[in-house]
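Read through the structure below, which is laid out as structure tokens, and then see the notes.
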Amino acid sequence: MYQVGDKIVYPMHGAGVIEAIEEKEILGNINSYYILRVPTGNISLMVPVKNAAEIGVRDVVAPEVIDRLFTHILDTNVDMHENWNKRYRENMTKIKSGDLFEIGPIYYYLMQKELEKGLSTGEKKMFGSAHQILVSEIILSKNISQKEAEELIASRLGTGETPQAISV
């Protein structure tokens, strides 16, 4: 069980710090919840304690893992399915996993596509989700600001633009 102050990742929503553990009554059932504060977008989430492992909640990665992630992203050739629906489903499954090594290459592909010719509405939403997950974990892993995390992404991925400059 995690404790107040622990840094954890809630798949599909990103990394955050546990601010409290509270009992809440929802639909007549009393359960314990982690109250998680995500550093991007000032989001607060309730994560059920008893389902945390099933949901895929995990510890924030160590700073050196972030460094390996950037190498992995640049070394990975993302194979995008021609059918938009199939590609969207496959990518969303990877994003929902919360695994940075699955999310990173998709993020990079979408960022490149946005810079080259723009993204569809669905892809912009997907990019926004990947951005929040990636940036929130970098912030907490490396103990840096959101601006510094976005600048790190831009410098390591060689885009020349900070990701926040891309319309999401």
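Each chain in the structure tokens gets a letter, A, B, ..., in the order shown, and its residues are numbered from 1; ligands are numbered from 1 in order too.
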
Excluding Tyr33 (chain A) and any residue of its chain fewer than 4 positions from it, enumerate the residues within 12 Å of it, using only C-alpha atoms, and give them as a PDB file with N, CA and C atoms, in the first residue's frame.
ATOM      1  N   MET A   1       0.847  -1.185   0.000  1.00  0.00           N
ATOM      2  CA  MET A   1       0.000   0.000   0.000  1.00  0.00           C
ATOM      3  C   MET A   1       0.888   1.243   0.000  1.00  0.00           C
ATOM      4  N   TYR A   2       0.492   2.191  -0.791  1.00  0.00           N
ATOM      5  CA  TYR A   2       1.227   3.447  -0.873  1.00  0.00           C
ATOM      6  C   TYR A   2       0.848   4.349   0.298  1.00  0.00           C
ATOM      7  N   GLN A   3       1.694   5.341   0.537  1.00  0.00           N
ATOM      8  CA  GLN A   3       1.496   6.274   1.646  1.00  0.00           C
ATOM      9  C   GLN A   3       1.389   7.704   1.116  1.00  0.00           C
ATOM     10  N   VAL A   4       0.880   8.597   1.950  1.00  0.00           N
ATOM     11  CA  VAL A   4       0.820  10.015   1.605  1.00  0.00           C
ATOM     12  C   VAL A   4       2.238  10.485   1.286  1.00  0.00           C
ATOM     13  N   ILE A  18       0.527  11.384  -3.930  1.00  0.00           N
ATOM     14  CA  ILE A  18      -0.607  11.077  -3.058  1.00  0.00           C
ATOM     15  C   ILE A  18      -0.679  12.156  -1.981  1.00  0.00           C
ATOM     16  N   GLU A  19      -1.767  12.919  -2.004  1.00  0.00           N
ATOM     17  CA  GLU A  19      -1.960  13.993  -1.016  1.00  0.00           C
ATOM     18  C   GLU A  19      -2.676  13.505   0.231  1.00  0.00           C
ATOM     19  N   ALA A  20      -3.501  12.473   0.068  1.00  0.00           N
ATOM     20  CA  ALA A  20      -4.267  11.951   1.199  1.00  0.00           C
ATOM     21  C   ALA A  20      -4.771  10.558   0.846  1.00  0.00           C
ATOM     22  N   ILE A  21      -5.169   9.833   1.870  1.00  0.00           N
ATOM     23  CA  ILE A  21      -5.878   8.567   1.696  1.00  0.00           C
ATOM     24  C   ILE A  21      -7.158   8.725   2.488  1.00  0.00           C
ATOM     25  N   GLU A  22      -8.271   8.700   1.781  1.00  0.00           N
ATOM     26  CA  GLU A  22      -9.560   8.991   2.410  1.00  0.00           C
ATOM     27  C   GLU A  22     -10.563   7.879   2.155  1.00  0.00           C
ATOM     28  N   GLU A  23     -11.483   7.737   3.112  1.00  0.00           N
ATOM     29  CA  GLU A  23     -12.606   6.831   2.905  1.00  0.00           C
ATOM     30  C   GLU A  23     -13.758   7.643   2.352  1.00  0.00           C
ATOM     31  N   LYS A  24     -14.360   7.131   1.302  1.00  0.00           N
ATOM     32  CA  LYS A  24     -15.485   7.815   0.650  1.00  0.00           C
ATOM     33  C   LYS A  24     -16.608   6.816   0.463  1.00  0.00           C
ATOM     34  N   GLU A  25     -17.832   7.318   0.566  1.00  0.00           N
ATOM     35  CA  GLU A  25     -18.989   6.488   0.264  1.00  0.00           C
ATOM     36  C   GLU A  25     -19.465   6.851  -1.136  1.00  0.00           C
ATOM     37  N   ILE A  26     -19.416   5.858  -2.015  1.00  0.00           N
ATOM     38  CA  ILE A  26     -19.868   6.049  -3.389  1.00  0.00           C
ATOM     39  C   ILE A  26     -20.821   4.911  -3.717  1.00  0.00           C
ATOM     40  N   SER A  44      -6.762  16.639  -9.798  1.00  0.00           N
ATOM     41  CA  SER A  44      -6.823  15.792  -8.619  1.00  0.00           C
ATOM     42  C   SER A  44      -7.678  14.582  -8.966  1.00  0.00           C
ATOM     43  N   LEU A  45      -7.183  13.385  -8.620  1.00  0.00           N
ATOM     44  CA  LEU A  45      -7.883  12.148  -8.948  1.00  0.00           C
ATOM     45  C   LEU A  45      -8.085  11.304  -7.696  1.00  0.00           C
ATOM     46  N   MET A  46      -9.141  10.510  -7.714  1.00  0.00           N
ATOM     47  CA  MET A  46      -9.372   9.528  -6.658  1.00  0.00           C
ATOM     48  C   MET A  46      -9.091   8.151  -7.248  1.00  0.00           C
ATOM     49  N   VAL A  47      -8.163   7.424  -6.630  1.00  0.00           N
ATOM     50  CA  VAL A  47      -7.787   6.093  -7.100  1.00  0.00           C
ATOM     51  C   VAL A  47      -8.175   5.096  -6.013  1.00  0.00           C
ATOM     52  N   PRO A  48      -9.021   4.123  -6.331  1.00  0.00           N
ATOM     53  CA  PRO A  48      -9.417   3.153  -5.303  1.00  0.00           C
ATOM     54  C   PRO A  48      -8.214   2.328  -4.835  1.00  0.00           C
ATOM     55  N   VAL A  49      -7.969   2.319  -3.536  1.00  0.00           N
ATOM     56  CA  VAL A  49      -6.824   1.614  -2.966  1.00  0.00           C
ATOM     57  C   VAL A  49      -6.891   0.126  -3.288  1.00  0.00           C
ATOM     58  N   LYS A  50      -8.054  -0.472  -3.130  1.00  0.00           N
ATOM     59  CA  LYS A  50      -8.154  -1.928  -3.295  1.00  0.00           C
ATOM     60  C   LYS A  50      -7.962  -2.375  -4.750  1.00  0.00           C
ATOM     61  N   ASN A  51      -8.151  -1.500  -5.712  1.00  0.00           N
ATOM     62  CA  ASN A  51      -8.000  -1.849  -7.125  1.00  0.00           C
ATOM     63  C   ASN A  51      -6.719  -1.291  -7.745  1.00  0.00           C
ATOM     64  N   ALA A  52      -5.878  -0.668  -6.947  1.00  0.00           N
ATOM     65  CA  ALA A  52      -4.701   0.022  -7.486  1.00  0.00           C
ATOM     66  C   ALA A  52      -3.825  -0.906  -8.324  1.00  0.00           C
TER      67      ALA A  52
END

Mind dumping a table of every region 28-77 of chain A residue within 12 Å of region 123-134 of chain A, with the nearest atom pair and its distance in Å to one decimal, using only C-alpha atoms, sorted by chain and rising number, as CSV?
residue,atom,partner,partner_atom,distance
A:Val38,CA,A:Gln132,CA,9.1
A:Pro39,CA,A:Gln132,CA,9.2
A:Thr40,CA,A:Gln132,CA,6.5
A:Gly41,CA,A:Gln132,CA,8.3
A:Asn42,CA,A:Gln132,CA,11.1
A:Ile43,CA,A:Gln132,CA,10.6
A:Val60,CA,A:Leu134,CA,11.0
A:Val61,CA,A:Leu134,CA,11.2
A:Ile66,CA,A:Leu134,CA,9.6
A:Leu69,CA,A:Leu134,CA,10.3
A:Phe70,CA,A:Leu134,CA,11.0
A:Ile73,CA,A:Leu134,CA,12.0

* **Residue among A:Gly16, A:Lys94, A:Glu102, A:Pro63 lying closest to Asn77 (chain A), counting only C-alpha atoms** => A:Glu102
